[in-house]
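Participant: Please see the structure below; I have some questions.
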Amino acid sequence: MDLEDITAAILAGGLGTRLSSAIKRKQKVLATVKNYPFLKYILDKLQKTGIKKVIICTGHLGEQVKKEFGNTYGNLSIYYSQENSKLDTAGAIRLALPFIKTEDILVTNGDSYLDFDLKKFWQFHLQKKSKASILLTRVSNLDRYGQVVLDKNNKITSFQEKHGKVGTGLINSGIYLFKKPLLLKIPKNKAVSFEKELFPTLIGKDFYGFEAKGKFIDIGTPKSYQEAQSFFGSI
């Protein structure tokens, strides 16, 4: 199997409350970074991998995203799944499943970017026969993030909530590979969170974490958004 056997889905429906002071009435994934909307960098990354089809899961200000990117981007075909009520992360992907015909689905947050090798992540996911795999990144300061704990076989054993902890550790990068049958079990038209509701039920099952070595940025706060302005010149 190759990367054309994967459909990518981008979560782009968040309200961006913490960032609103910096971007005003603009959908968060369209926040300008070095003269381009942030989502462009994610799409650039995806089209280089060999993926052909992308679903953008929109919600708040979704019409802005569709107007900006249309139905094609380079060699990517783009489809839109617009939620009419807040469905959270897993609920938004459940709504988009009718657009997805492949067995495996790459899901990525639209407000963060990790420089990673998708082929290695994909091979790991297949080798482990994983139903859900999380791409992890190591940060030097855990104060803004919850920590992900693995066993010696890379199976996820726990998620530790953020406690303002200082020190290095693995965190969820917001990038996942799923088997479609797992996602079909998510209730339709209901707000469901990957992080708070689905992932805790998978601990101890075919649920793995893979550490990526590339650089990571999110634009969830005005401070990290400002840092993103220099990030893309350094990867």
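For the structure tokens, the naming scheme is as follows: chains receive sequential letters (A, B, ...) according to their order of presentation, residues are indexed from 1 within each chain, and ligands are indexed from 1 in presentation order.
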Please report, as JSON lines, each residue of stretch 107-159 of chain A lying at most 12 Å from stretch 50-68 of chain A, together with the nearest pair of atoms and the separation in Å rounded to one decimal; use only C-alpha atoms, and order rows by chain and ascending residue number.

Facilitator:
{"residue": "A:Val107", "atom": "CA", "partner": "A:Ile55", "partner_atom": "CA", "distance": 9.4}
{"residue": "A:Thr108", "atom": "CA", "partner": "A:Ile56", "partner_atom": "CA", "distance": 9.8}
{"residue": "A:Asn109", "atom": "CA", "partner": "A:Cys57", "partner_atom": "CA", "distance": 9.8}
{"residue": "A:Gly110", "atom": "CA", "partner": "A:Ile56", "partner_atom": "CA", "distance": 8.8}
{"residue": "A:Asp117", "atom": "CA", "partner": "A:Gly50", "partner_atom": "CA", "distance": 12.0}
{"residue": "A:Leu118", "atom": "CA", "partner": "A:Gly50", "partner_atom": "CA", "distance": 9.8}
{"residue": "A:Lys119", "atom": "CA", "partner": "A:Gly50", "partner_atom": "CA", "distance": 9.7}
{"residue": "A:Trp122", "atom": "CA", "partner": "A:Ile51", "partner_atom": "CA", "distance": 11.9}

Participant: For N, CA and C atoms, I'd like the residues from the last selection saved as a CSV table (one decimal), in the first residue's frame.

Facilitator:
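The resulting file, part-v4.csv, is shown below:
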chain,number,residue,atom,x,y,z
A,107,VAL,N,-5.7,12.2,10.2
A,107,VAL,CA,-6.4,13.4,10.7
A,107,VAL,C,-5.3,14.4,11.3
A,108,THR,N,-5.4,15.6,11.0
A,108,THR,CA,-4.5,16.6,11.5
A,108,THR,C,-5.3,17.9,12.0
A,109,ASN,N,-4.8,18.4,13.1
A,109,ASN,CA,-5.4,19.7,13.5
A,109,ASN,C,-5.0,20.8,12.5
A,110,GLY,N,-5.8,21.7,12.3
A,110,GLY,CA,-5.5,22.8,11.3
A,110,GLY,C,-4.8,24.0,11.9
A,117,ASP,N,7.9,12.7,8.9
A,117,ASP,CA,8.0,11.8,7.7
A,117,ASP,C,6.7,11.0,7.8
A,118,LEU,N,5.7,11.3,6.9
A,118,LEU,CA,4.5,10.6,6.9
A,118,LEU,C,4.7,9.1,6.6
A,119,LYS,N,5.6,8.8,5.7
A,119,LYS,CA,5.8,7.4,5.3
A,119,LYS,C,6.3,6.6,6.4
A,122,TRP,N,3.2,6.0,8.7
A,122,TRP,CA,2.3,5.1,8.0
A,122,TRP,C,2.8,3.7,8.2

Participant: Just the residues within 12 Å of A:Gly16, please, counting only C-alpha atoms, with nothing from its chain fewer than 6 positions along; format it as a VMD selection string.

Facilitator: chain A and resid 22 to 31 59 to 61 110 to 111 218 to 222 225

Participant: Extract the full set of strand (DSSP E) residues from stretch 1-233 of chain A according to DSSP on the backbone, and format it as a PDB file with C-alpha atoms, in the first residue's frame.

Facilitator:
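File written: out-v9.pdb
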ATOM      1  CA  ILE A   6      -4.927   7.369   2.717  1.00  0.00           C
ATOM      2  CA  THR A   7      -7.436  10.218   2.864  1.00  0.00           C
ATOM      3  CA  ALA A   8      -6.399  13.244   4.908  1.00  0.00           C
ATOM      4  CA  ALA A   9      -8.855  15.200   7.033  1.00  0.00           C
ATOM      5  CA  ILE A  10      -8.003  18.599   8.494  1.00  0.00           C
ATOM      6  CA  LEU A  11      -9.849  19.928  11.547  1.00  0.00           C
ATOM      7  CA  ALA A  12     -10.579  23.572  10.767  1.00  0.00           C
ATOM      8  CA  THR A  32      -1.442  34.993   8.253  1.00  0.00           C
ATOM      9  CA  VAL A  33       2.029  33.536   8.705  1.00  0.00           C
ATOM     10  CA  TYR A  36       0.273  33.157   3.719  1.00  0.00           C
ATOM     11  CA  PRO A  37      -2.646  31.523   5.547  1.00  0.00           C
ATOM     12  CA  LYS A  53      -7.679  13.668  -1.350  1.00  0.00           C
ATOM     13  CA  VAL A  54      -8.223  16.059   1.550  1.00  0.00           C
ATOM     14  CA  ILE A  55     -11.375  16.733   3.539  1.00  0.00           C
ATOM     15  CA  ILE A  56     -11.418  20.048   5.386  1.00  0.00           C
ATOM     16  CA  CYS A  57     -13.765  19.846   8.376  1.00  0.00           C
ATOM     17  CA  THR A  58     -15.133  23.352   8.754  1.00  0.00           C
ATOM     18  CA  THR A  72      -8.090  21.934  -5.644  1.00  0.00           C
ATOM     19  CA  TYR A  73      -4.669  22.768  -4.295  1.00  0.00           C
ATOM     20  CA  LEU A  76      -4.852  17.697  -4.034  1.00  0.00           C
ATOM     21  CA  SER A  77      -8.615  17.411  -4.443  1.00  0.00           C
ATOM     22  CA  ILE A  78     -10.319  19.259  -1.605  1.00  0.00           C
ATOM     23  CA  TYR A  79     -13.771  18.538  -0.172  1.00  0.00           C
ATOM     24  CA  TYR A  80     -15.544  20.337   2.664  1.00  0.00           C
ATOM     25  CA  SER A  81     -17.524  18.901   5.536  1.00  0.00           C
ATOM     26  CA  GLN A  82     -19.350  21.789   7.228  1.00  0.00           C
ATOM     27  CA  ASP A 104      -7.054   4.485   6.686  1.00  0.00           C
ATOM     28  CA  ILE A 105      -7.501   8.159   7.517  1.00  0.00           C
ATOM     29  CA  LEU A 106      -4.897  10.758   8.437  1.00  0.00           C
ATOM     30  CA  VAL A 107      -6.362  13.416  10.722  1.00  0.00           C
ATOM     31  CA  THR A 108      -4.517  16.624  11.516  1.00  0.00           C
ATOM     32  CA  ASN A 109      -5.363  19.724  13.487  1.00  0.00           C
ATOM     33  CA  SER A 112      -0.555  23.193  14.371  1.00  0.00           C
ATOM     34  CA  TYR A 113       2.290  21.964  12.198  1.00  0.00           C
ATOM     35  CA  LEU A 114       4.861  19.227  12.669  1.00  0.00           C
ATOM     36  CA  ALA A 132      -5.395   4.377  16.138  1.00  0.00           C
ATOM     37  CA  SER A 133      -1.912   5.897  16.134  1.00  0.00           C
ATOM     38  CA  ILE A 134      -0.894   9.294  17.479  1.00  0.00           C
ATOM     39  CA  LEU A 135       2.092  11.209  16.178  1.00  0.00           C
ATOM     40  CA  LEU A 136       3.996  12.504  19.185  1.00  0.00           C
ATOM     41  CA  THR A 137       6.559  15.237  19.534  1.00  0.00           C
ATOM     42  CA  ARG A 138       8.988  15.916  22.366  1.00  0.00           C
ATOM     43  CA  VAL A 139       8.871  19.346  23.975  1.00  0.00           C
ATOM     44  CA  GLN A 147       1.942  14.342  28.498  1.00  0.00           C
ATOM     45  CA  VAL A 148       1.544  11.016  26.632  1.00  0.00           C
ATOM     46  CA  VAL A 149       3.112   7.932  28.241  1.00  0.00           C
ATOM     47  CA  LEU A 150       4.187   4.860  26.240  1.00  0.00           C
ATOM     48  CA  ILE A 156      -0.088   4.253  24.852  1.00  0.00           C
ATOM     49  CA  THR A 157      -0.569   3.602  28.561  1.00  0.00           C
ATOM     50  CA  SER A 158      -1.822   6.955  29.835  1.00  0.00           C
ATOM     51  CA  PHE A 159      -2.444  10.634  29.253  1.00  0.00           C
ATOM     52  CA  GLN A 160      -1.346  12.987  32.007  1.00  0.00           C
ATOM     53  CA  GLY A 169       8.170  14.944  27.605  1.00  0.00           C
ATOM     54  CA  LEU A 170       6.108  13.569  24.728  1.00  0.00           C
ATOM     55  CA  ILE A 171       2.923  15.361  23.724  1.00  0.00           C
ATOM     56  CA  ASN A 172       0.102  14.760  21.278  1.00  0.00           C
ATOM     57  CA  SER A 173       0.923  16.701  18.091  1.00  0.00           C
ATOM     58  CA  GLY A 174      -2.695  16.610  16.893  1.00  0.00           C
ATOM     59  CA  ILE A 175      -1.881  14.241  14.012  1.00  0.00           C
ATOM     60  CA  TYR A 176      -3.444  10.765  13.882  1.00  0.00           C
ATOM     61  CA  LEU A 177      -3.880   7.688  11.722  1.00  0.00           C
ATOM     62  CA  PHE A 178      -7.148   5.788  12.163  1.00  0.00           C
ATOM     63  CA  LYS A 179      -8.804   2.710  10.767  1.00  0.00           C
ATOM     64  CA  PHE A 207      -3.483   2.188  20.290  1.00  0.00           C
ATOM     65  CA  TYR A 208       0.074   3.389  19.678  1.00  0.00           C
ATOM     66  CA  GLY A 209       2.237   6.483  19.738  1.00  0.00           C
ATOM     67  CA  PHE A 210       5.048   7.278  17.311  1.00  0.00           C
ATOM     68  CA  GLU A 211       7.633   9.937  18.123  1.00  0.00           C
ATOM     69  CA  ALA A 212       8.505  12.344  15.310  1.00  0.00           C
ATOM     70  CA  PHE A 216       6.580  21.581  16.021  1.00  0.00           C
ATOM     71  CA  ILE A 217       4.513  24.752  16.273  1.00  0.00           C
ATOM     72  CA  ASP A 218       0.922  25.569  17.116  1.00  0.00           C
TER      73      ASP A 218
END

Participant: Could you pull out the helix (DSSP H, G or I) residues of stretch 12-215 of chain A from DSSP and send them as an MDAnalysis selection string?

Facilitator: chainID A and resid 17:23 28:30 38:49 62:69 88:99 118:127 180:183 194:202

Participant: Can I get the selection written as a PDB file, in the first residue's frame, with C-alpha atoms?

Facilitator:
ATOM      1  CA  THR A  17     -11.012  32.264  21.069  1.00  0.00           C
ATOM      2  CA  ARG A  18      -7.530  32.757  22.529  1.00  0.00           C
ATOM      3  CA  LEU A  19      -6.239  34.006  19.179  1.00  0.00           C
ATOM      4  CA  SER A  20      -9.135  36.337  18.357  1.00  0.00           C
ATOM      5  CA  SER A  21      -7.325  39.451  19.539  1.00  0.00           C
ATOM      6  CA  ALA A  22      -4.559  38.803  17.003  1.00  0.00           C
ATOM      7  CA  ILE A  23      -6.584  37.741  13.939  1.00  0.00           C
ATOM      8  CA  LYS A  28      -7.921  30.526  12.877  1.00  0.00           C
ATOM      9  CA  VAL A  29      -6.481  28.280  10.141  1.00  0.00           C
ATOM     10  CA  LEU A  30      -6.351  31.356   7.878  1.00  0.00           C
ATOM     11  CA  PHE A  38      -1.398  28.967   8.079  1.00  0.00           C
ATOM     12  CA  LEU A  39      -3.418  26.197   6.422  1.00  0.00           C
ATOM     13  CA  LYS A  40      -1.321  26.588   3.255  1.00  0.00           C
ATOM     14  CA  TYR A  41       1.703  25.107   5.040  1.00  0.00           C
ATOM     15  CA  ILE A  42      -0.278  22.016   6.024  1.00  0.00           C
ATOM     16  CA  LEU A  43      -1.595  21.550   2.483  1.00  0.00           C
ATOM     17  CA  ASP A  44       1.926  22.001   1.086  1.00  0.00           C
ATOM     18  CA  LYS A  45       3.125  19.237   3.388  1.00  0.00           C
ATOM     19  CA  LEU A  46       0.299  16.886   2.413  1.00  0.00           C
ATOM     20  CA  GLN A  47       0.674  17.298  -1.327  1.00  0.00           C
ATOM     21  CA  LYS A  48       4.377  16.399  -1.092  1.00  0.00           C
ATOM     22  CA  THR A  49       3.527  13.049   0.524  1.00  0.00           C
ATOM     23  CA  GLY A  62     -16.078  27.830   7.314  1.00  0.00           C
ATOM     24  CA  GLU A  63     -17.116  29.841   4.263  1.00  0.00           C
ATOM     25  CA  GLN A  64     -13.848  31.781   4.547  1.00  0.00           C
ATOM     26  CA  VAL A  65     -11.806  28.586   4.223  1.00  0.00           C
ATOM     27  CA  LYS A  66     -13.711  27.366   1.179  1.00  0.00           C
ATOM     28  CA  LYS A  67     -13.416  30.766  -0.509  1.00  0.00           C
ATOM     29  CA  GLU A  68      -9.659  30.843   0.116  1.00  0.00           C
ATOM     30  CA  PHE A  69      -8.756  27.348  -1.096  1.00  0.00           C
ATOM     31  CA  ASP A  88     -15.730  18.829  18.636  1.00  0.00           C
ATOM     32  CA  THR A  89     -12.813  16.925  17.080  1.00  0.00           C
ATOM     33  CA  ALA A  90     -14.132  13.361  16.838  1.00  0.00           C
ATOM     34  CA  GLY A  91     -17.665  14.492  16.045  1.00  0.00           C
ATOM     35  CA  ALA A  92     -16.397  16.577  13.134  1.00  0.00           C
ATOM     36  CA  ILE A  93     -14.533  13.592  11.664  1.00  0.00           C
ATOM     37  CA  ARG A  94     -17.601  11.377  12.104  1.00  0.00           C
ATOM     38  CA  LEU A  95     -19.624  13.902  10.081  1.00  0.00           C
ATOM     39  CA  ALA A  96     -16.980  13.782   7.313  1.00  0.00           C
ATOM     40  CA  LEU A  97     -16.843   9.975   6.986  1.00  0.00           C
ATOM     41  CA  PRO A  98     -19.275   9.795   4.002  1.00  0.00           C
ATOM     42  CA  PHE A  99     -16.575  11.626   1.989  1.00  0.00           C
ATOM     43  CA  LEU A 118       4.473  10.552   6.921  1.00  0.00           C
ATOM     44  CA  LYS A 119       5.829   7.429   5.255  1.00  0.00           C
ATOM     45  CA  LYS A 120       7.565   6.349   8.483  1.00  0.00           C
ATOM     46  CA  PHE A 121       4.438   7.071  10.521  1.00  0.00           C
ATOM     47  CA  TRP A 122       2.323   5.098   8.029  1.00  0.00           C
ATOM     48  CA  GLN A 123       4.709   2.125   8.095  1.00  0.00           C
ATOM     49  CA  PHE A 124       4.652   2.149  11.899  1.00  0.00           C
ATOM     50  CA  HIS A 125       0.834   2.215  11.894  1.00  0.00           C
ATOM     51  CA  LEU A 126       0.723  -0.797   9.534  1.00  0.00           C
ATOM     52  CA  GLN A 127       3.409  -2.787  11.328  1.00  0.00           C
ATOM     53  CA  LYS A 180     -12.181   3.797   9.433  1.00  0.00           C
ATOM     54  CA  PRO A 181     -14.227   1.111  11.298  1.00  0.00           C
ATOM     55  CA  LEU A 182     -13.085   2.637  14.597  1.00  0.00           C
ATOM     56  CA  LEU A 183     -14.377   6.065  13.593  1.00  0.00           C
ATOM     57  CA  PHE A 194     -10.815  12.584  20.572  1.00  0.00           C
ATOM     58  CA  GLU A 195      -8.720  13.701  23.499  1.00  0.00           C
ATOM     59  CA  LYS A 196     -11.302  13.635  26.285  1.00  0.00           C
ATOM     60  CA  GLU A 197     -13.717  10.895  25.208  1.00  0.00           C
ATOM     61  CA  LEU A 198     -12.385   8.538  22.526  1.00  0.00           C
ATOM     62  CA  PHE A 199      -8.716   8.133  23.415  1.00  0.00           C
ATOM     63  CA  PRO A 200      -9.245   7.166  27.089  1.00  0.00           C
ATOM     64  CA  THR A 201     -11.398   4.219  25.917  1.00  0.00           C
ATOM     65  CA  LEU A 202      -8.570   2.937  23.676  1.00  0.00           C
TER      66      LEU A 202
END

Participant: Between A:Asp206, A:Asp5, A:Asp151, A:Asp143, which one has atoms that come closest to A:Lys101, using only C-alpha atoms?

Facilitator: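 Among A:Asp206, A:Asp5, A:Asp151, A:Asp143, it is A:Asp5 that comes nearest to A:Lys101.
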
Participant: Take atom CA of A:Lys131 and atom CA of A:Asn153 and report the distance between them in Å, one decimal.

Facilitator: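 Computing it gives 15.1 Å between the two atoms.
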
Participant: Using Å and a single decimal, report how far atom CA of A:Ile100 sits from atom CA of A:Lys185.

Facilitator: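 Taking atom CA of A:Lys185 as the start and atom CA of A:Ile100 as the end point, the length is 14.9 Å.
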
Participant: With only C-alpha atoms as the atoms that count, which of A:Lys223, A:Arg144, A:Lys188, A:Lys129 lies nearest to A:Lys162?

Facilitator: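 Looking only at the distances to A:Lys162, the closest residue turns out to be A:Arg144.
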
Participant: Using only C-alpha atoms, which residue out of A:Leu15, A:Ala228, A:Ala191, A:Ile186 lies closest to A:Leu87?

Facilitator: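 Smallest distance to A:Leu87 is found for A:Ala191.
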